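Source file: structure.pdb. Holds: PDB, N, CA and C atoms.
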ATOM      1  N   MET O  25      -5.480  22.407  -8.866
ATOM      2  CA  MET O  25      -4.606  21.370  -8.392
ATOM      3  C   MET O  25      -4.310  20.435  -9.559
ATOM      4  N   LYS O  26      -3.047  20.065  -9.687
ATOM      5  CA  LYS O  26      -2.645  19.128 -10.732
ATOM      6  C   LYS O  26      -2.340  17.782 -10.082
ATOM      7  N   ILE O  27      -2.976  16.747 -10.587
ATOM      8  CA  ILE O  27      -2.789  15.405 -10.047
ATOM      9  C   ILE O  27      -2.127  14.528 -11.100
ATOM     10  N   LYS O  28      -1.131  13.781 -10.661
ATOM     11  CA  LYS O  28      -0.494  12.763 -11.492
ATOM     12  C   LYS O  28      -0.474  11.500 -10.650
ATOM     13  N   GLY O  29      -0.524  10.331 -11.278
ATOM     14  CA  GLY O  29      -0.610   9.099 -10.527
ATOM     15  C   GLY O  29       0.519   8.131 -10.798
ATOM     16  N   VAL O  30       0.983   7.484  -9.728
ATOM     17  CA  VAL O  30       1.921   6.370  -9.829
ATOM     18  C   VAL O  30       1.115   5.139  -9.442
ATOM     19  N   PRO O  31       0.606   4.402 -10.414
ATOM     20  CA  PRO O  31      -0.278   3.271 -10.099
ATOM     21  C   PRO O  31       0.495   2.088  -9.528
ATOM     22  N   THR O  32      -0.186   1.315  -8.682
ATOM     23  CA  THR O  32       0.432   0.122  -8.108
ATOM     24  C   THR O  32      -0.063  -1.153  -8.780
ATOM     25  N   SER O  33      -0.939  -1.017  -9.766
ATOM     26  CA  SER O  33      -1.398  -2.186 -10.520
ATOM     27  C   SER O  33      -1.848  -1.737 -11.909
ATOM     28  N   ASN O  34      -1.960  -2.680 -12.812
ATOM     29  CA  ASN O  34      -2.430  -2.363 -14.170
ATOM     30  C   ASN O  34      -3.871  -1.882 -14.145
ATOM     31  N   SER O  35      -4.702  -2.474 -13.291
ATOM     32  CA  SER O  35      -6.103  -2.052 -13.239
ATOM     33  C   SER O  35      -6.231  -0.630 -12.696
ATOM     34  N   THR O  36      -5.399  -0.270 -11.736
ATOM     35  CA  THR O  36      -5.410   1.097 -11.219
ATOM     36  C   THR O  36      -4.949   2.079 -12.290
ATOM     37  N   ALA O  37      -3.957   1.703 -13.063
ATOM     38  CA  ALA O  37      -3.484   2.561 -14.155
ATOM     39  C   ALA O  37      -4.603   2.797 -15.168
ATOM     40  N   LYS O  38      -5.308   1.736 -15.544
ATOM     41  CA  LYS O  38      -6.410   1.877 -16.513
ATOM     42  C   LYS O  38      -7.514   2.769 -15.969
ATOM     43  N   LEU O  39      -7.862   2.583 -14.701
ATOM     44  CA  LEU O  39      -8.913   3.396 -14.083
ATOM     45  C   LEU O  39      -8.499   4.862 -14.044
ATOM     46  N   ALA O  40      -7.264   5.136 -13.630
ATOM     47  CA  ALA O  40      -6.780   6.522 -13.572
ATOM     48  C   ALA O  40      -6.811   7.167 -14.953
ATOM     49  N   GLN O  41      -6.329   6.449 -15.953
ATOM     50  CA  GLN O  41      -6.326   6.991 -17.316
ATOM     51  C   GLN O  41      -7.743   7.240 -17.813
ATOM     52  N   SER O  42      -8.685   6.389 -17.428
ATOM     53  CA  SER O  42     -10.074   6.544 -17.898
ATOM     54  C   SER O  42     -10.740   7.803 -17.368
ATOM     55  N   VAL O  43     -10.239   8.343 -16.252
ATOM     56  CA  VAL O  43     -10.800   9.585 -15.704
ATOM     57  C   VAL O  43      -9.857  10.771 -15.895
ATOM     58  N   GLY O  44      -8.833  10.588 -16.752
ATOM     59  CA  GLY O  44      -7.976  11.697 -17.138
ATOM     60  C   GLY O  44      -6.790  11.982 -16.227
ATOM     61  N   ILE O  45      -6.437  11.049 -15.348
ATOM     62  CA  ILE O  45      -5.269  11.254 -14.492
ATOM     63  C   ILE O  45      -4.036  10.763 -15.241
ATOM     64  N   PRO O  46      -3.060  11.641 -15.476
ATOM     65  CA  PRO O  46      -1.841  11.223 -16.169
ATOM     66  C   PRO O  46      -1.030  10.243 -15.313
ATOM     67  N   ILE O  47      -0.458   9.238 -15.940
ATOM     68  CA  ILE O  47       0.348   8.232 -15.262
ATOM     69  C   ILE O  47       1.822   8.607 -15.376
ATOM     70  N   VAL O  48       2.528   8.573 -14.235
ATOM     71  CA  VAL O  48       3.965   8.841 -14.193
ATOM     72  C   VAL O  48       4.630   7.700 -13.417
ATOM     73  N   SER O  49       5.953   7.709 -13.374
ATOM     74  CA  SER O  49       6.664   6.659 -12.646
ATOM     75  C   SER O  49       7.469   7.256 -11.495
ATOM     76  N   LEU O  50       7.926   6.392 -10.603
ATOM     77  CA  LEU O  50       8.792   6.851  -9.522
ATOM     78  C   LEU O  50      10.155   7.293 -10.045
ATOM     79  N   ASP O  51      10.523   6.851 -11.221
ATOM     80  CA  ASP O  51      11.755   7.350 -11.839
ATOM     81  C   ASP O  51      11.623   8.834 -12.143
ATOM     82  N   ASP O  52      10.420   9.237 -12.568
ATOM     83  CA  ASP O  52      10.156  10.648 -12.877
ATOM     84  C   ASP O  52       9.900  11.472 -11.609
ATOM     85  N   TYR O  53       9.232  10.863 -10.637
ATOM     86  CA  TYR O  53       8.842  11.535  -9.394
ATOM     87  C   TYR O  53       9.214  10.646  -8.212
ATOM     88  N   PRO O  54      10.469  10.660  -7.784
ATOM     89  CA  PRO O  54      10.910   9.752  -6.722
ATOM     90  C   PRO O  54      10.339  10.076  -5.336
ATOM     91  N   ARG O  55       9.858  11.296  -5.133
ATOM     92  CA  ARG O  55       9.256  11.683  -3.853
ATOM     93  C   ARG O  55       7.839  12.164  -4.139
ATOM     94  N   LEU O  56       6.852  11.481  -3.567
ATOM     95  CA  LEU O  56       5.445  11.785  -3.820
ATOM     96  C   LEU O  56       4.854  12.574  -2.659
ATOM     97  N   ASP O  57       3.886  13.425  -2.971
ATOM     98  CA  ASP O  57       3.224  14.197  -1.928
ATOM     99  C   ASP O  57       2.252  13.343  -1.122
ATOM    100  N   LEU O  58       1.543  12.438  -1.802
ATOM    101  CA  LEU O  58       0.449  11.730  -1.144
ATOM    102  C   LEU O  58       0.266  10.337  -1.714
ATOM    103  N   ASP O  59       0.043   9.377  -0.851
ATOM    104  CA  ASP O  59      -0.294   8.010  -1.220
ATOM    105  C   ASP O  59      -1.732   7.769  -0.765
ATOM    106  N   ILE O  60      -2.608   7.425  -1.686
ATOM    107  CA  ILE O  60      -3.998   7.108  -1.356
ATOM    108  C   ILE O  60      -4.186   5.625  -1.619
ATOM    109  N   ASP O  61      -4.633   4.900  -0.601
ATOM    110  CA  ASP O  61      -4.740   3.449  -0.709
ATOM    111  C   ASP O  61      -5.892   2.966   0.154
ATOM    112  N   GLY O  62      -6.168   1.686   0.073
ATOM    113  CA  GLY O  62      -7.190   1.061   0.897
ATOM    114  C   GLY O  62      -6.557   0.074   1.853
ATOM    115  N   ALA O  63      -7.346  -0.466   2.756
ATOM    116  CA  ALA O  63      -6.868  -1.467   3.710
ATOM    117  C   ALA O  63      -7.584  -2.781   3.445
ATOM    118  N   ASP O  64      -7.005  -3.863   3.943
ATOM    119  CA  ASP O  64      -7.628  -5.172   3.801
ATOM    120  C   ASP O  64      -8.585  -5.465   4.947
ATOM    121  N   GLU O  65      -8.231  -5.025   6.139
ATOM    122  CA  GLU O  65      -9.083  -5.174   7.305
ATOM    123  C   GLU O  65      -9.007  -3.884   8.114
ATOM    124  N   VAL O  66     -10.159  -3.453   8.667
ATOM    125  CA  VAL O  66     -10.208  -2.243   9.477
ATOM    126  C   VAL O  66     -11.065  -2.546  10.708
ATOM    127  N   GLU O  67     -10.550  -2.214  11.881
ATOM    128  CA  GLU O  67     -11.318  -2.347  13.114
ATOM    129  C   GLU O  67     -12.071  -1.056  13.377
ATOM    130  N   PRO O  68     -13.130  -1.098  14.184
ATOM    131  CA  PRO O  68     -13.844   0.144  14.529
ATOM    132  C   PRO O  68     -12.929   1.202  15.158
ATOM    133  N   SER O  69     -11.853   0.773  15.831
ATOM    134  CA  SER O  69     -10.904   1.719  16.430
ATOM    135  C   SER O  69      -9.964   2.325  15.385
ATOM    136  N   LEU O  70     -10.098   1.885  14.125
ATOM    137  CA  LEU O  70      -9.308   2.311  12.973
ATOM    138  C   LEU O  70      -7.920   1.680  12.910
ATOM    139  N   CYS O  71      -7.641   0.662  13.725
ATOM    140  CA  CYS O  71      -6.454  -0.153  13.501
ATOM    141  C   CYS O  71      -6.698  -0.895  12.204
ATOM    142  N   LEU O  72      -5.656  -1.070  11.399
ATOM    143  CA  LEU O  72      -5.887  -1.696  10.106
ATOM    144  C   LEU O  72      -4.751  -2.608   9.699
ATOM    145  N   ILE O  73      -5.052  -3.485   8.754
ATOM    146  CA  ILE O  73      -4.060  -4.366   8.149
ATOM    147  C   ILE O  73      -4.040  -4.081   6.658
ATOM    148  N   LYS O  74      -2.832  -3.895   6.135
ATOM    149  CA  LYS O  74      -2.626  -3.689   4.707
ATOM    150  C   LYS O  74      -1.796  -4.830   4.168
ATOM    151  N   GLY O  75      -1.862  -5.048   2.902
ATOM    152  CA  GLY O  75      -0.940  -5.978   2.276
ATOM    153  C   GLY O  75      -1.501  -7.325   1.904
ATOM    154  N   GLY O  76      -2.802  -7.465   1.836
ATOM    155  CA  GLY O  76      -3.378  -8.753   1.475
ATOM    156  C   GLY O  76      -3.574  -8.933  -0.020
ATOM    157  N   GLY O  77      -3.387  -7.889  -0.793
ATOM    158  CA  GLY O  77      -3.639  -7.957  -2.227
ATOM    159  C   GLY O  77      -2.431  -8.360  -3.039
ATOM    160  N   GLY O  78      -2.631  -8.450  -4.339
ATOM    161  CA  GLY O  78      -1.578  -8.907  -5.238
ATOM    162  C   GLY O  78      -0.527  -7.868  -5.580
ATOM    163  N   ALA O  79      -0.766  -6.601  -5.252
ATOM    164  CA  ALA O  79       0.177  -5.533  -5.605
ATOM    165  C   ALA O  79       0.984  -5.091  -4.385
ATOM    166  N   LEU O  80       1.186  -5.994  -3.437
ATOM    167  CA  LEU O  80       1.818  -5.656  -2.165
ATOM    168  C   LEU O  80       3.157  -4.949  -2.323
ATOM    169  N   LEU O  81       4.057  -5.491  -3.107
ATOM    170  CA  LEU O  81       5.385  -4.882  -3.236
ATOM    171  C   LEU O  81       5.300  -3.482  -3.825
ATOM    172  N   ARG O  82       4.528  -3.316  -4.897
ATOM    173  CA  ARG O  82       4.408  -1.984  -5.512
ATOM    174  C   ARG O  82       3.742  -1.001  -4.551
ATOM    175  N   GLU O  83       2.745  -1.468  -3.782
ATOM    176  CA  GLU O  83       2.091  -0.586  -2.811
ATOM    177  C   GLU O  83       3.076  -0.119  -1.749
ATOM    178  N   LYS O  84       3.930  -1.007  -1.280
ATOM    179  CA  LYS O  84       4.912  -0.656  -0.251
ATOM    180  C   LYS O  84       5.945   0.330  -0.795
ATOM    181  N   ILE O  85       6.377   0.139  -2.025
ATOM    182  CA  ILE O  85       7.357   1.050  -2.633
ATOM    183  C   ILE O  85       6.771   2.442  -2.770
ATOM    184  N   VAL O  86       5.532   2.540  -3.242
ATOM    185  CA  VAL O  86       4.874   3.846  -3.394
ATOM    186  C   VAL O  86       4.659   4.483  -2.020
ATOM    187  N   ALA O  87       4.234   3.704  -1.034
ATOM    188  CA  ALA O  87       4.024   4.250   0.311
ATOM    189  C   ALA O  87       5.322   4.802   0.878
ATOM    190  N   PHE O  88       6.421   4.078   0.692
ATOM    191  CA  PHE O  88       7.720   4.522   1.200
ATOM    192  C   PHE O  88       8.163   5.820   0.526
ATOM    193  N   ALA O  89       7.791   6.026  -0.729
ATOM    194  CA  ALA O  89       8.187   7.220  -1.477
ATOM    195  C   ALA O  89       7.295   8.429  -1.176
ATOM    196  N   SER O  90       6.240   8.231  -0.393
ATOM    197  CA  SER O  90       5.253   9.288  -0.159
ATOM    198  C   SER O  90       5.475  10.022   1.153
ATOM    199  N   LYS O  91       5.229  11.325   1.113
ATOM    200  CA  LYS O  91       5.338  12.140   2.328
ATOM    201  C   LYS O  91       4.198  11.849   3.295
ATOM    202  N   LYS O  92       2.993  11.599   2.768
ATOM    203  CA  LYS O  92       1.810  11.336   3.591
ATOM    204  C   LYS O  92       1.007  10.214   2.962
ATOM    205  N   ALA O  93       0.224   9.544   3.797
ATOM    206  CA  ALA O  93      -0.652   8.479   3.302
ATOM    207  C   ALA O  93      -2.062   8.702   3.822
ATOM    208  N   VAL O  94      -3.033   8.416   2.968
ATOM    209  CA  VAL O  94      -4.441   8.454   3.343
ATOM    210  C   VAL O  94      -5.017   7.089   3.007
ATOM    211  N   ILE O  95      -5.662   6.461   3.983
ATOM    212  CA  ILE O  95      -6.305   5.174   3.754
ATOM    213  C   ILE O  95      -7.797   5.431   3.615
ATOM    214  N   VAL O  96      -8.346   5.037   2.476
ATOM    215  CA  VAL O  96      -9.757   5.217   2.169
ATOM    216  C   VAL O  96     -10.359   3.832   2.024
ATOM    217  N   ASP O  97     -11.454   3.576   2.716
ATOM    218  CA  ASP O  97     -12.054   2.254   2.602
ATOM    219  C   ASP O  97     -13.548   2.307   2.782
ATOM    220  N   MET O  98     -14.166   1.151   2.601
ATOM    221  CA  MET O  98     -15.619   1.023   2.690
ATOM    222  C   MET O  98     -16.008   0.482   4.054
ATOM    223  N   VAL O  99     -17.186   0.835   4.507
ATOM    224  CA  VAL O  99     -17.673   0.371   5.801
ATOM    225  C   VAL O  99     -17.786  -1.156   5.839
ATOM    226  N   GLU O 100     -17.928  -1.794   4.686
ATOM    227  CA  GLU O 100     -18.020  -3.252   4.633
ATOM    228  C   GLU O 100     -16.728  -3.941   5.083
ATOM    229  N   ARG O 101     -15.627  -3.227   5.088
ATOM    230  CA  ARG O 101     -14.343  -3.816   5.489
ATOM    231  C   ARG O 101     -14.113  -3.744   6.993
ATOM    232  N   ILE O 102     -15.002  -3.089   7.721
ATOM    233  CA  ILE O 102     -14.826  -2.979   9.163
ATOM    234  C   ILE O 102     -15.167  -4.319   9.801
ATOM    235  N   ILE O 103     -14.249  -4.815  10.623
ATOM    236  CA  ILE O 103     -14.418  -6.098  11.304
ATOM    237  C   ILE O 103     -14.032  -5.924  12.768
ATOM    238  N   VAL O 104     -14.387  -6.896  13.576
ATOM    239  CA  VAL O 104     -13.960  -6.908  14.966
ATOM    240  C   VAL O 104     -12.778  -7.863  15.061
ATOM    241  N   GLY O 105     -11.632  -7.345  15.482
ATOM    242  CA  GLY O 105     -10.458  -8.188  15.680
ATOM    243  C   GLY O 105      -9.671  -8.454  14.418
ATOM    244  N   CYS O 106      -8.908  -7.475  13.962
ATOM    245  CA  CYS O 106      -7.988  -7.706  12.849
ATOM    246  C   CYS O 106      -7.047  -8.825  13.235
ATOM    247  N   GLY O 107      -6.633  -9.566  12.281
ATOM    248  CA  GLY O 107      -5.667 -10.594  12.635
ATOM    249  C   GLY O 107      -5.586 -11.691  11.619
ATOM    250  N   GLY O 108      -5.246 -12.853  12.112
ATOM    251  CA  GLY O 108      -4.997 -13.953  11.213
ATOM    252  C   GLY O 108      -3.591 -13.808  10.668
ATOM    253  N   LYS O 109      -3.311 -14.504   9.592
ATOM    254  CA  LYS O 109      -1.976 -14.446   9.009
ATOM    255  C   LYS O 109      -1.836 -13.186   8.173
ATOM    256  N   VAL O 110      -0.708 -12.542   8.313
ATOM    257  CA  VAL O 110      -0.395 -11.339   7.557
ATOM    258  C   VAL O 110       0.770 -11.662   6.639
ATOM    259  N   LYS O 111       0.638 -11.310   5.366
ATOM    260  CA  LYS O 111       1.711 -11.563   4.406
ATOM    261  C   LYS O 111       2.935 -10.722   4.729
ATOM    262  N   THR O 112       4.091 -11.317   4.578
ATOM    263  CA  THR O 112       5.357 -10.608   4.718
ATOM    264  C   THR O 112       6.102 -10.778   3.402
ATOM    265  N   LEU O 113       6.486  -9.671   2.804
ATOM    266  CA  LEU O 113       7.167  -9.719   1.518
ATOM    267  C   LEU O 113       8.362  -8.799   1.576
ATOM    268  N   THR O 114       9.469  -9.274   1.087
ATOM    269  CA  THR O 114      10.656  -8.426   0.999
ATOM    270  C   THR O 114      11.427  -8.807  -0.257
ATOM    271  N   THR O 115      12.445  -8.050  -0.533
ATOM    272  CA  THR O 115      13.321  -8.343  -1.664
ATOM    273  C   THR O 115      14.693  -8.706  -1.105
ATOM    274  N   ALA O 116      15.557  -9.175  -1.953
ATOM    275  CA  ALA O 116      16.899  -9.538  -1.501
ATOM    276  C   ALA O 116      17.586  -8.345  -0.842
ATOM    277  N   GLU O 117      17.347  -7.156  -1.358
ATOM    278  CA  GLU O 117      17.989  -5.962  -0.821
ATOM    279  C   GLU O 117      17.419  -5.554   0.529
ATOM    280  N   GLY O 118      16.196  -5.952   0.841
ATOM    281  CA  GLY O 118      15.556  -5.473   2.075
ATOM    282  C   GLY O 118      15.302  -6.528   3.123
ATOM    283  N   HIS O 119      15.817  -7.735   2.938
ATOM    284  CA  HIS O 119      15.436  -8.814   3.851
ATOM    285  C   HIS O 119      15.940  -8.619   5.278
ATOM    286  N   CYS O 120      17.108  -8.038   5.485
ATOM    287  CA  CYS O 120      17.625  -7.855   6.844
ATOM    288  C   CYS O 120      16.771  -6.855   7.620
ATOM    289  N   LYS O 121      16.443  -5.742   6.999
ATOM    290  CA  LYS O 121      15.619  -4.732   7.668
ATOM    291  C   LYS O 121      14.224  -5.281   7.947
ATOM    292  N   ALA O 122      13.650  -6.017   6.998
ATOM    293  CA  ALA O 122      12.317  -6.579   7.190
ATOM    294  C   ALA O 122      12.316  -7.602   8.319
ATOM    295  N   ALA O 123      13.334  -8.427   8.405
ATOM    296  CA  ALA O 123      13.407  -9.453   9.449
ATOM    297  C   ALA O 123      13.480  -8.812  10.831
ATOM    298  N   ARG O 124      14.185  -7.707  10.973
ATOM    299  CA  ARG O 124      14.276  -7.016  12.262
ATOM    300  C   ARG O 124      12.928  -6.473  12.695
ATOM    301  N   GLY O 125      12.043  -6.151  11.738
ATOM    302  CA  GLY O 125      10.750  -5.594  12.067
ATOM    303  C   GLY O 125       9.681  -6.621  12.380
ATOM    304  N   CYS O 126       9.958  -7.893  12.173
ATOM    305  CA  CYS O 126       8.970  -8.950  12.416
ATOM    306  C   CYS O 126       9.166  -9.536  13.809
ATOM    307  N   PRO O 127       8.056  -9.891  14.473
ATOM    308  CA  PRO O 127       8.197 -10.548  15.766
ATOM    309  C   PRO O 127       8.834 -11.918  15.599
ATOM    310  N   ARG O 128       9.476 -12.427  16.654
ATOM    311  CA  ARG O 128      10.123 -13.741  16.591
ATOM    312  C   ARG O 128       9.128 -14.793  16.142
ATOM    313  N   GLY O 129       9.533 -15.540  15.136
ATOM    314  CA  GLY O 129       8.667 -16.600  14.632
ATOM    315  C   GLY O 129       7.534 -16.086  13.766
ATOM    316  N   GLY O 130       7.450 -14.772  13.554
ATOM    317  CA  GLY O 130       6.356 -14.216  12.791
ATOM    318  C   GLY O 130       6.557 -14.249  11.297
ATOM    319  N   ALA O 131       7.773 -14.370  10.851
ATOM    320  CA  ALA O 131       8.035 -14.407   9.417
ATOM    321  C   ALA O 131       8.510 -15.795   9.051
ATOM    322  N   GLY O 132       7.976 -16.283   7.977
ATOM    323  CA  GLY O 132       8.442 -17.595   7.576
ATOM    324  C   GLY O 132       7.587 -18.226   6.532
TER     325      GLY O 132
END
What is this structure when it is put down as C-alpha cells?
Amino acid sequence: MKIKGVPTSNSTAKLAQSVGIPIVSLDDYPRLDLDIDGADEVEPSLCLIKGGGGALLREKIVAFASKKAVIVDMVERIIVGCGGKVKTLTTAEGHCKAARGCPRGGAG
C-alpha cells in the first residue's frame, strides 16, 4: 500500500515526514481516498464534535475532498453530554451554504 498525506497543520506535516509519509497537496490530489482525523469530544454512544482546534478550515477542506473518513481518538476524550459552544467557520464563498446548515440563532 502506498500512502501519501495532505496535512492539515504544520505539526502534522512534520510528524508525517518524520515517519516517511510523503506530503502532497489537494492541487495534486483533489479527491482523496481517506481522511483520518480525531474528534474534540466523543460520547459513549460515539456521537462526536469536531472543529475545536486551530486547523478547522483545513480539516474541513480535506474532509470534503475525501471519499471516506475515519475518526480515531483516545478514551480520555470520551465524555457524557457533548455540547457547549461549537465553532462555526466559513469563507466568503461558503457563507450562504453554511448559514443554511446552522440552527436559528446558532451562528453568530
For this structure, which residues satisfy the selection - the PyMOL selection byres ((chain O and resi 96) around 6) - when it is evaluated on the file as given? I want them as a list of chain:residue names.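 For this structure, the PyMOL selection byres ((chain O and resi 96) around 6) resolves to O:Ile60, O:Asp61, O:Gly62, O:Ala63, O:Val94, O:Ile95, O:Asp97, O:Met98.
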How many Å lie between CA of Arg82 (chain O) and atom C of Leu70 (chain O), rounded to one decimal?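 Atom C of Leu70 (chain O) lies 22.5 Å from CA of Arg82 (chain O).
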So that I can check the surroundings of Asp59 (chain O), please list as a list in words every protein, DNA and RNA residue that reaches within 7 Å of it, counting all atoms listed in the file and ignoring chain neighbours fewer than 5 positions away.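 Selected residues are Val86, Ala87, Ser90, Lys91, Lys92, Ala93, Val94 and Ile95 of chain O.
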Taken to one decimal, the atom C of Thr36 (chain O)-atom C of Asp51 (chain O) distance is 17.9 Å
